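Trainee: Handing over model-v6.pdb, PDB, C-alpha atoms.
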```pdb
ATOM      1  CA  MET T  25       0.000   0.000   0.000
ATOM      2  CA  ALA T  26       1.335   3.396  -0.884
ATOM      3  CA  PHE T  27       0.267   6.563   0.775
ATOM      4  CA  THR T  28       1.354  10.079   0.109
ATOM      5  CA  ILE T  29       3.024  11.989   2.877
ATOM      6  CA  PHE T  30       2.698  15.720   2.570
ATOM      7  CA  GLN T  31       5.877  17.601   3.273
ATOM      8  CA  PRO T  32       5.301  19.777   6.302
ATOM      9  CA  THR T  33       6.636  23.254   5.711
ATOM     10  CA  GLY T  34       9.193  23.390   8.485
ATOM     11  CA  TYR T  35       6.498  23.459  11.099
ATOM     12  CA  ASN T  36       7.009  20.277  13.029
ATOM     13  CA  ARG T  37       9.846  17.914  12.414
ATOM     14  CA  LEU T  38       8.214  15.278  14.541
ATOM     15  CA  TYR T  39       5.297  15.316  12.178
ATOM     16  CA  GLN T  40       6.539  12.710   9.719
ATOM     17  CA  TYR T  41       7.480  10.356  12.467
ATOM     18  CA  ASP T  42       3.998  10.873  13.888
ATOM     19  CA  LEU T  43       2.353  10.039  10.611
ATOM     20  CA  LEU T  44       4.116   6.726  10.329
ATOM     21  CA  GLN T  45       3.597   5.899  13.976
ATOM     22  CA  ASN T  46      -0.093   6.734  13.797
ATOM     23  CA  GLU T  47      -0.489   4.602  10.746
ATOM     24  CA  MET T  48       1.222   1.656  12.434
ATOM     25  CA  ASN T  49      -0.798   2.110  15.608
ATOM     26  CA  ARG T  50      -4.004   2.206  13.639
ATOM     27  CA  LEU T  51      -3.034  -1.024  11.940
ATOM     28  CA  PHE T  52      -2.197  -2.791  15.186
ATOM     29  CA  ASP T  53      -5.205  -1.379  16.994
ATOM     30  CA  SER T  54      -7.621  -2.605  14.386
ATOM     31  CA  PHE T  55      -6.037  -6.029  14.703
ATOM     32  CA  PHE T  56      -5.748  -6.288  18.482
ATOM     33  CA  GLY T  57      -8.955  -4.470  19.321
ATOM     34  CA  GLY T  58      -8.846  -0.701  19.724
ATOM     35  CA  GLN T  59      -6.585  -0.127  22.701
ATOM     36  CA  ARG T  60      -5.428   3.335  23.561
ATOM     37  CA  ARG T  61      -1.784   3.693  22.744
ATOM     38  CA  GLU T  62       0.746   6.428  23.239
ATOM     39  CA  LYS T  63       3.581   7.154  20.908
ATOM     40  CA  ARG T  64       6.828   5.534  21.915
ATOM     41  CA  SER T  65      10.400   6.084  21.059
ATOM     42  CA  GLY T  66      11.582   3.646  23.681
ATOM     43  CA  GLY T  67      13.908   6.116  25.360
ATOM     44  CA  PHE T  68      13.817   7.032  29.015
ATOM     45  CA  PRO T  69      12.369   9.274  30.260
ATOM     46  CA  ALA T  70       9.138   9.427  28.280
ATOM     47  CA  LEU T  71       8.600  13.006  27.130
ATOM     48  CA  ASN T  72       5.537  15.085  26.474
ATOM     49  CA  VAL T  73       5.836  18.265  24.463
ATOM     50  CA  SER T  74       3.351  21.100  24.275
ATOM     51  CA  GLN T  75       3.532  24.626  22.974
ATOM     52  CA  ASP T  76       1.819  27.962  22.961
ATOM     53  CA  SER T  77       2.638  31.067  20.939
ATOM     54  CA  ASP T  78       5.643  32.027  23.125
ATOM     55  CA  ASN T  79       7.046  28.834  24.592
ATOM     56  CA  VAL T  80       7.633  25.150  24.081
ATOM     57  CA  TYR T  81       7.154  22.992  27.164
ATOM     58  CA  VAL T  82       8.801  19.633  27.674
ATOM     59  CA  PHE T  83       7.571  17.376  30.486
ATOM     60  CA  ALA T  84       9.080  14.221  31.923
ATOM     61  CA  GLU T  85       8.217  12.079  34.922
ATOM     62  CA  LEU T  86      11.342  11.556  36.992
ATOM     63  CA  PRO T  87      10.280  10.552  40.500
ATOM     64  CA  GLY T  88      13.084  10.452  43.029
ATOM     65  CA  VAL T  89      15.605  12.178  40.767
ATOM     66  CA  ASP T  90      17.426  14.956  42.522
ATOM     67  CA  GLY T  91      17.718  18.225  40.610
ATOM     68  CA  ASN T  92      21.494  18.109  41.152
ATOM     69  CA  ASP T  93      21.731  14.763  39.375
ATOM     70  CA  LEU T  94      20.136  16.191  36.275
ATOM     71  CA  GLU T  95      21.951  17.918  33.432
ATOM     72  CA  ILE T  96      19.992  19.830  30.833
ATOM     73  CA  ASN T  97      21.662  21.316  27.779
ATOM     74  CA  VAL T  98      20.170  23.266  24.918
ATOM     75  CA  ASP T  99      21.729  24.262  21.670
ATOM     76  CA  SER T 100      19.586  26.303  19.337
ATOM     77  CA  ASP T 101      17.150  23.539  18.412
ATOM     78  CA  THR T 102      18.131  20.412  20.341
ATOM     79  CA  LEU T 103      17.423  19.624  23.956
ATOM     80  CA  HIS T 104      19.571  17.141  25.866
ATOM     81  CA  ILE T 105      18.481  15.630  29.163
ATOM     82  CA  LYS T 106      20.964  13.562  31.093
ATOM     83  CA  GLY T 107      20.855  12.265  34.608
ATOM     84  CA  GLN T 108      20.750   9.410  36.986
ATOM     85  CA  ARG T 109      18.492   7.972  39.604
ATOM     86  CA  LYS T 110      19.990   6.505  42.717
ATOM     87  CA  ILE T 111      17.437   4.563  44.659
ATOM     88  CA  GLN T 112      19.112   1.485  45.946
ATOM     89  CA  GLU T 113      18.698   1.092  49.630
ATOM     90  CA  THR T 114      20.944  -1.682  50.673
ATOM     91  CA  GLY T 115      22.101  -2.899  53.999
ATOM     92  CA  LYS T 116      23.030  -6.067  55.698
ATOM     93  CA  ASP T 117      19.562  -6.918  56.918
ATOM     94  CA  ILE T 118      17.554  -5.631  53.933
ATOM     95  CA  ARG T 119      15.696  -8.309  52.041
ATOM     96  CA  TYR T 120      13.771  -7.252  48.942
ATOM     97  CA  HIS T 121      10.303  -8.694  48.366
ATOM     98  CA  ARG T 122       9.612  -6.712  45.249
ATOM     99  CA  GLN T 123      11.754  -4.540  43.058
ATOM    100  CA  GLU T 124       9.967  -2.784  40.251
ATOM    101  CA  ARG T 125      11.512   0.683  40.249
ATOM    102  CA  GLY T 126      14.308   1.281  37.787
ATOM    103  CA  SER T 127      17.582   2.987  38.544
ATOM    104  CA  GLY T 128      20.753   3.985  36.793
ATOM    105  CA  GLN T 129      21.771   6.527  34.205
ATOM    106  CA  PHE T 130      19.698   7.905  31.385
ATOM    107  CA  SER T 131      20.077  10.406  28.598
ATOM    108  CA  ARG T 132      17.833  11.629  25.866
ATOM    109  CA  SER T 133      17.924  14.242  23.167
ATOM    110  CA  ILE T 134      14.963  15.775  21.452
ATOM    111  CA  HIS T 135      14.968  17.804  18.299
ATOM    112  CA  LEU T 136      12.784  20.865  18.664
ATOM    113  CA  PRO T 137      10.638  22.020  15.775
ATOM    114  CA  PHE T 138      12.131  25.536  15.852
ATOM    115  CA  ALA T 139      14.940  27.578  17.315
ATOM    116  CA  VAL T 140      14.667  28.573  20.979
ATOM    117  CA  ASN T 141      16.066  31.433  22.973
ATOM    118  CA  THR T 142      18.733  29.450  24.842
ATOM    119  CA  GLU T 143      19.393  32.276  27.318
ATOM    120  CA  LYS T 144      15.954  32.085  28.858
ATOM    121  CA  VAL T 145      15.384  28.341  29.163
ATOM    122  CA  ASN T 146      13.923  27.434  32.510
ATOM    123  CA  ALA T 147      13.647  24.019  34.174
ATOM    124  CA  GLU T 148      11.952  22.985  37.370
ATOM    125  CA  MET T 149      11.187  19.820  39.284
ATOM    126  CA  ASN T 150       7.872  19.517  41.059
ATOM    127  CA  GLN T 151       6.799  16.315  42.802
ATOM    128  CA  GLY T 152       9.042  14.308  40.517
ATOM    129  CA  VAL T 153       7.800  15.932  37.329
ATOM    130  CA  LEU T 154      10.321  17.872  35.279
ATOM    131  CA  THR T 155       9.013  20.873  33.357
ATOM    132  CA  ILE T 156      11.320  22.627  30.907
ATOM    133  CA  THR T 157      10.142  25.928  29.471
ATOM    134  CA  LEU T 158      11.856  26.910  26.243
ATOM    135  CA  PRO T 159      10.997  30.371  24.936
ATOM    136  CA  LYS T 160      10.819  30.491  21.169
ATOM    137  CA  ALA T 161      13.391  32.598  19.388
ATOM    138  CA  GLU T 162      12.011  35.881  18.038
ATOM    139  CA  GLU T 163      12.060  34.657  14.446
ATOM    140  CA  ALA T 164      10.087  31.538  15.346
ATOM    141  CA  LYS T 165       7.213  33.379  17.033
ATOM    142  CA  PRO T 166       3.980  33.744  15.164
ATOM    143  CA  ARG T 167       3.594  37.186  13.679
ATOM    144  CA  LYS T 168       0.500  38.969  12.674
ATOM    145  CA  ILE T 169       0.649  40.263   9.152
ATOM    146  CA  ASN T 170      -1.187  43.412   8.401
ATOM    147  CA  ILE T 171      -2.921  43.638   5.092
ATOM    148  CA  LYS T 172      -2.525  46.946   3.419
ATOM    149  CA  THR T 173      -5.424  48.249   1.487
ATOM    150  CA  ALA T 174      -4.819  50.337  -1.525
TER
ATOM    151  CA  MET M   5      22.083  -6.704  43.916
ATOM    152  CA  VAL M   6      21.274  -6.391  40.227
ATOM    153  CA  GLU M   7      19.859  -2.993  39.368
ATOM    154  CA  LYS M   8      16.546  -2.871  37.663
ATOM    155  CA  GLU M   9      16.453  -1.087  34.323
ATOM    156  CA  PHE M  10      14.218   1.826  33.481
ATOM    157  CA  THR M  11      10.871   1.120  31.942
ATOM    158  CA  VAL M  12       8.814   3.676  30.099
ATOM    159  CA  ASP M  13       5.523   1.827  30.003
ATOM    160  CA  LYS M  14       3.114   2.638  32.756
ATOM    161  CA  LYS M  15       1.032  -0.267  33.927
ATOM    162  CA  GLU M  16      -2.613   0.524  33.670
ATOM    163  CA  ALA M  17      -4.711  -0.683  36.606
ATOM    164  CA  LYS M  18      -7.288  -3.305  35.721
ATOM    165  CA  PRO M  19      -9.620  -3.498  38.716
ATOM    166  CA  PRO M  20     -12.461  -6.029  39.002
ATOM    167  CA  GLN M  21     -14.907  -3.127  39.148
ATOM    168  CA  GLU M  22     -14.819  -0.138  36.895
ATOM    169  CA  PHE M  23     -13.922   3.312  38.141
ATOM    170  CA  THR M  24     -16.603   5.945  38.115
ATOM    171  CA  GLN M  25     -14.378   8.692  36.786
ATOM    172  CA  GLU M  26     -12.973   8.735  33.305
ATOM    173  CA  GLY M  27      -9.313   8.644  32.388
ATOM    174  CA  PRO M  28      -6.531   6.149  32.886
ATOM    175  CA  VAL M  29      -5.538   4.851  36.316
ATOM    176  CA  TYR M  30      -2.069   3.411  36.760
ATOM    177  CA  ASN M  31      -0.390   0.958  39.072
ATOM    178  CA  PRO M  32       2.671   2.693  40.484
ATOM    179  CA  ASP M  33       5.980   0.837  40.492
ATOM    180  CA  VAL M  34       6.921  -0.213  44.001
ATOM    181  CA  ASP M  35       9.876  -1.596  45.872
ATOM    182  CA  ILE M  36       9.163  -3.496  49.050
ATOM    183  CA  TYR M  37      11.862  -4.599  51.408
ATOM    184  CA  GLU M  38      11.969  -6.099  54.834
ATOM    185  CA  THR M  39      14.307  -5.528  57.708
ATOM    186  CA  ASP M  40      14.232  -7.041  61.157
ATOM    187  CA  GLU M  41      12.165  -4.142  62.470
ATOM    188  CA  ALA M  42       9.893  -3.156  59.607
ATOM    189  CA  LEU M  43       8.538  -3.605  56.142
ATOM    190  CA  VAL M  44       9.239  -0.620  53.868
ATOM    191  CA  LEU M  45       7.197   0.181  50.786
ATOM    192  CA  ILE M  46       8.485   2.720  48.255
ATOM    193  CA  ALA M  47       6.268   3.840  45.386
ATOM    194  CA  ASP M  48       6.856   6.157  42.424
ATOM    195  CA  LEU M  49       4.030   8.680  42.301
ATOM    196  CA  PRO M  50       5.192  11.497  40.024
ATOM    197  CA  GLY M  51       2.931  14.524  40.025
ATOM    198  CA  VAL M  52       0.999  13.622  43.172
ATOM    199  CA  LEU M  53       0.708  16.388  45.768
ATOM    200  CA  LYS M  54       0.642  15.531  49.464
ATOM    201  CA  GLU M  55      -2.940  16.720  49.817
ATOM    202  CA  ASN M  56      -4.045  14.557  46.880
ATOM    203  CA  LEU M  57      -2.616  11.355  48.295
ATOM    204  CA  ASP M  58      -4.687   8.934  50.340
ATOM    205  CA  ILE M  59      -3.170   6.036  52.183
ATOM    206  CA  ASP M  60      -5.890   3.931  53.605
ATOM    207  CA  LEU M  61      -5.691   0.912  55.860
ATOM    208  CA  ASN M  62      -8.868  -1.099  55.950
ATOM    209  CA  GLU M  63      -8.707  -4.389  57.839
ATOM    210  CA  ASN M  64      -5.616  -5.932  56.246
ATOM    211  CA  THR M  65      -5.626  -4.002  52.994
ATOM    212  CA  LEU M  66      -3.345  -1.033  52.462
ATOM    213  CA  THR M  67      -4.513   1.118  49.564
ATOM    214  CA  ILE M  68      -2.540   3.912  47.960
ATOM    215  CA  ASN M  69      -4.620   6.337  46.000
ATOM    216  CA  GLY M  70      -2.932   9.329  44.376
ATOM    217  CA  HIS M  71      -4.643  11.950  42.279
ATOM    218  CA  VAL M  72      -2.641  13.754  39.594
ATOM    219  CA  GLU M  73      -3.767  17.204  38.589
ATOM    220  CA  SER M  74      -3.184  17.579  34.888
ATOM    221  CA  THR M  75      -1.056  20.529  33.897
ATOM    222  CA  LYS M  76      -2.544  22.611  31.159
ATOM    223  CA  LEU M  77       0.434  24.376  29.657
ATOM    224  CA  GLY M  78       0.111  24.996  25.953
ATOM    225  CA  THR M  79      -1.410  22.620  23.427
ATOM    226  CA  PRO M  80       0.102  19.130  23.302
ATOM    227  CA  VAL M  81       2.085  18.482  20.133
ATOM    228  CA  TYR M  82       3.808  15.244  21.018
ATOM    229  CA  GLN M  83       2.915  12.728  23.708
ATOM    230  CA  GLU M  84       4.795   9.695  24.912
ATOM    231  CA  TYR M  85       3.082   9.247  28.233
ATOM    232  CA  GLN M  86      -0.311   9.970  29.708
ATOM    233  CA  SER M  87      -1.100  11.361  33.099
ATOM    234  CA  GLY M  88      -3.577   9.663  35.333
ATOM    235  CA  ASP M  89      -4.281   8.740  38.892
ATOM    236  CA  TYR M  90      -2.391   6.034  40.730
ATOM    237  CA  LYS M  91      -3.990   3.226  42.666
ATOM    238  CA  ARG M  92      -2.636   0.046  44.167
ATOM    239  CA  SER M  93      -3.570  -2.204  47.063
ATOM    240  CA  PHE M  94      -1.566  -4.614  49.172
ATOM    241  CA  THR M  95      -2.600  -7.216  51.682
ATOM    242  CA  ILE M  96      -0.746  -6.771  54.909
ATOM    243  CA  SER M  97      -0.393  -9.477  57.476
ATOM    244  CA  ASN M  98      -1.120  -9.176  61.172
ATOM    245  CA  VAL M  99       2.524  -9.006  62.078
ATOM    246  CA  ILE M 100       2.478  -5.269  61.273
ATOM    247  CA  ASP M 101       1.837  -2.877  64.110
ATOM    248  CA  GLN M 102      -0.875  -0.946  62.317
ATOM    249  CA  SER M 103      -0.883   1.971  64.767
ATOM    250  CA  LYS M 104       2.769   2.875  64.036
ATOM    251  CA  ILE M 105       2.690   3.145  60.249
ATOM    252  CA  GLN M 106       4.561   6.200  58.928
ATOM    253  CA  ALA M 107       4.481   7.710  55.455
ATOM    254  CA  GLU M 108       6.411  10.461  53.708
ATOM    255  CA  LEU M 109       6.187  11.891  50.207
ATOM    256  CA  LYS M 110       9.216  13.554  48.651
ATOM    257  CA  ASN M 111      10.075  14.323  44.999
ATOM    258  CA  GLY M 112       7.190  12.168  43.820
ATOM    259  CA  VAL M 113       8.347   9.156  45.804
ATOM    260  CA  LEU M 114       6.211   7.752  48.607
ATOM    261  CA  ARG M 115       7.845   5.856  51.422
ATOM    262  CA  VAL M 116       5.696   3.912  53.857
ATOM    263  CA  LYS M 117       7.264   2.322  56.884
ATOM    264  CA  LEU M 118       5.294  -0.511  58.403
ATOM    265  CA  PRO M 119       6.866  -1.496  61.724
ATOM    266  CA  LYS M 120       6.523  -5.078  62.794
ATOM    267  CA  ALA M 121       4.640  -5.897  65.958
ATOM    268  CA  GLU M 122       6.779  -6.821  68.959
ATOM    269  CA  THR M 123       5.685 -10.441  68.815
ATOM    270  CA  ALA M 124       6.771 -10.824  65.203
ATOM    271  CA  LYS M 125      10.349  -9.624  65.594
ATOM    272  CA  PRO M 126      12.945 -12.335  65.302
ATOM    273  CA  ARG M 127      14.171 -13.585  68.600
ATOM    274  CA  LYS M 128      17.137 -15.646  69.351
ATOM    275  CA  ILE M 129      16.377 -18.731  71.333
ATOM    276  CA  GLU M 130      18.876 -19.797  73.853
ATOM    277  CA  ILE M 131      19.674 -23.460  73.936
ATOM    278  CA  ARG M 132      20.252 -24.792  77.399
ATOM    279  CA  THR M 133      22.683 -27.523  77.859
TER
END
```
Starting from the file, lay out its structure as structure tokens.
Mentor:
Amino acid sequence: MAFTIFQPTGYNRLYQYDLLQNEMNRLFDSFFGGQRREKRSGGFPALNVSQDSDNVYVFAELPGVDGNDLEINVDSDTLHIKGQRKIQETGKDIRYHRQERGSGQFSRSIHLPFAVNTEKVNAEMNQGVLTITLPKAEEAKPRKINIKTA
Amino acid sequence: MVEKEFTVDKKEAKPPQEFTQEGPVYNPDVDIYETDEALVLIADLPGVLKENLDIDLNENTLTINGHVESTKLGTPVYQEYQSGDYKRSFTISNVIDQSKIQAELKNGVLRVKLPKAETAKPRKIEIRT
């Protein structure tokens, strides 16, 4: 089956990936019975991205990760998140019944759909949820165009 | 001890009854370990505020119920995970001193300490010759 993919005009670089992923999900869902499914890249942490006219927001769930163990770098259109989670509580008399929480090092990079103002990037951790606010560069902000009448 | 690797998939709770409210409900990942004095339960509850967390002990069932307030910042353009409430129950034996249970929530991690009752603590038995 061939399907045409429209070239997005520099708006969202994740768009093409989305198209393919959606198509695959739709295929699997129709086969395995309509389960809700999120997009996956397989990297840790899972990221959510949202935007408004001024900023791009990147969210990640990182419970138990100390802000000092986290390294966030931005070059003009790529965001790098690197860090580690130390959770092991060990001792002579500690016997584990269950161990489901992951630990260790992680790193992830995400390509942003437009340039950001790297000077004003802000990151905060709240209840184990990381929120990174990336202000869009001036040239990437939406601009209202006035129509001149003759 | 072998370290457990990171997983991205959240485990959706599948209770015998349906929930009345809409939206996904997840089973948080937990570690449980035992020492001579207590049983310690650690659960990942990212995004749960202290006032939105209920820890309930009913007969022998300990239930953790955390509500996540969804953040509405901008319009979502790309989503790899969903936010939802957390719920998980554990059966706790009688050897726990239920009146001395302590809980603390820090950085999205809940830690519940369940001290053992005096009678259940290991005791060394002297052998007389």
Trainee: Determine the residue set returned by the PyMOL selection byres ((chain T) within 9 of (chain M)) for the present structure, and present it as a PyMOL selection string.
Mentor: chain T and resi 36+38-39+42+62-77+79-81+84-90+112+114+116-130+149-153
Trainee: Run the PyMOL selection byres ((chain M and resi 58) around 10) mentally over the shown coordinates, then write out the matched residues as a VMD selection string, using the chain letters and numbers from the document.
Mentor: chain M and resid 54 to 57 59 to 61 67 to 71 91
Trainee: Go ahead and compute the interatomic distance for atom CA of T:Ala161 and atom CA of T:Ile96, in Å to one decimal.
Mentor: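 Taking atom CA of T:Ala161 as the start and atom CA of T:Ile96 as the end point, the length is 18.4 Å.
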Trainee: Up to 9 Å from (-0.9, -10.0, 63.1) in the file's coordinates: name the residues, counting only C-alpha atoms, as a ChimeraX atom specification.
Mentor: /M:96-101,120-121,123-124
Trainee: Excluding T:Thr102 and its own-chain neighbours fewer than 6 positions away, which residues fall within 12 Å of it when counting all atoms listed in the file? Please give them as a ChimeraX atom specification.
Mentor: /T:37,82,96,132-142,158
Trainee: So how many Å separate atom CA of T:Lys172 and atom CA of T:Asp78, to one decimal?
Mentor: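 Those two atoms sit 26.0 Å apart.
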Trainee: Identify the residues within 7 Å of coordinate (-1.8, -4.3, 47.5) (same frame as the file), considering only C-alpha atoms, and give the answer as a PDB file with C-alpha atoms, keeping the file's coordinate frame.
Mentor:
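What ended up in point.pdb:
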```pdb
ATOM      1  CA  THR M  65      -5.626  -4.002  52.994  1.00  0.00           C
ATOM      2  CA  LEU M  66      -3.345  -1.033  52.462  1.00  0.00           C
ATOM      3  CA  THR M  67      -4.513   1.118  49.564  1.00  0.00           C
ATOM      4  CA  ARG M  92      -2.636   0.046  44.167  1.00  0.00           C
ATOM      5  CA  SER M  93      -3.570  -2.204  47.063  1.00  0.00           C
ATOM      6  CA  PHE M  94      -1.566  -4.614  49.172  1.00  0.00           C
ATOM      7  CA  THR M  95      -2.600  -7.216  51.682  1.00  0.00           C
TER       8      THR M  95
END
```
Trainee: At what distance in Å, to one decimal, does atom CA of T:Ile156 lie from atom CA of T:Gln108?
Mentor: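 According to the coordinates, atom CA of T:Gln108 and atom CA of T:Ile156 are separated by 17.3 Å.
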Trainee: Would you mind putting N, CA, C and O atoms back on stretch 139-157 of chain T and writing the result as a CSV table (one decimal), in the frame of the given file?
Mentor:
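Below is the file out16.csv, written as the result:
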```csv
chain,number,residue,atom,x,y,z
T,139,ALA,N,13.9,27.1,16.5
T,139,ALA,CA,14.9,27.6,17.3
T,139,ALA,C,14.4,28.2,18.6
T,139,ALA,O,13.3,28.7,18.6
T,140,VAL,N,15.1,28.0,19.7
T,140,VAL,CA,14.7,28.6,21.0
T,140,VAL,C,15.7,29.6,21.5
T,140,VAL,O,16.8,29.6,21.1
T,141,ASN,N,15.2,30.4,22.3
T,141,ASN,CA,16.1,31.4,23.0
T,141,ASN,C,16.8,30.7,24.1
T,141,ASN,O,16.3,30.6,25.2
T,142,THR,N,18.0,30.3,23.9
T,142,THR,CA,18.7,29.4,24.8
T,142,THR,C,19.0,30.2,26.1
T,142,THR,O,19.2,29.6,27.2
T,143,GLU,N,19.1,31.5,26.1
T,143,GLU,CA,19.4,32.3,27.3
T,143,GLU,C,18.3,32.1,28.4
T,143,GLU,O,18.6,32.2,29.6
T,144,LYS,N,17.1,32.0,27.9
T,144,LYS,CA,16.0,32.1,28.9
T,144,LYS,C,15.3,30.7,29.1
T,144,LYS,O,14.1,30.7,29.6
T,145,VAL,N,16.0,29.7,28.9
T,145,VAL,CA,15.4,28.3,29.2
T,145,VAL,C,15.3,28.1,30.7
T,145,VAL,O,16.2,28.5,31.4
T,146,ASN,N,14.2,27.6,31.1
T,146,ASN,CA,13.9,27.4,32.5
T,146,ASN,C,13.5,26.0,32.8
T,146,ASN,O,12.7,25.4,32.0
T,147,ALA,N,14.0,25.4,33.8
T,147,ALA,CA,13.6,24.0,34.2
T,147,ALA,C,13.3,23.9,35.6
T,147,ALA,O,14.0,24.5,36.5
T,148,GLU,N,12.3,23.2,36.0
T,148,GLU,CA,12.0,23.0,37.4
T,148,GLU,C,11.4,21.6,37.6
T,148,GLU,O,10.8,21.0,36.8
T,149,MET,N,11.7,21.1,38.9
T,149,MET,CA,11.2,19.8,39.3
T,149,MET,C,10.1,20.0,40.3
T,149,MET,O,10.3,20.7,41.3
T,150,ASN,N,9.0,19.4,40.1
T,150,ASN,CA,7.9,19.5,41.1
T,150,ASN,C,7.3,18.1,41.3
T,150,ASN,O,6.8,17.5,40.3
T,151,GLN,N,7.3,17.6,42.5
T,151,GLN,CA,6.8,16.3,42.8
T,151,GLN,C,7.3,15.3,41.8
T,151,GLN,O,6.5,14.4,41.3
T,152,GLY,N,8.5,15.3,41.4
T,152,GLY,CA,9.0,14.3,40.5
T,152,GLY,C,8.7,14.5,39.1
T,152,GLY,O,9.0,13.6,38.2
T,153,VAL,N,8.1,15.6,38.7
T,153,VAL,CA,7.8,15.9,37.3
T,153,VAL,C,8.7,17.1,36.9
T,153,VAL,O,8.7,18.2,37.5
T,154,LEU,N,9.4,16.8,35.8
T,154,LEU,CA,10.3,17.9,35.3
T,154,LEU,C,9.6,18.7,34.2
T,154,LEU,O,8.9,18.1,33.3
T,155,THR,N,9.6,20.0,34.4
T,155,THR,CA,9.0,20.9,33.4
T,155,THR,C,10.1,21.8,32.8
T,155,THR,O,10.7,22.5,33.6
T,156,ILE,N,10.3,21.7,31.5
T,156,ILE,CA,11.3,22.6,30.9
T,156,ILE,C,10.6,23.6,30.0
T,156,ILE,O,9.8,23.2,29.2
T,157,THR,N,10.8,24.9,30.3
T,157,THR,CA,10.1,25.9,29.5
T,157,THR,C,11.2,26.5,28.5
T,157,THR,O,12.2,27.0,29.0
```
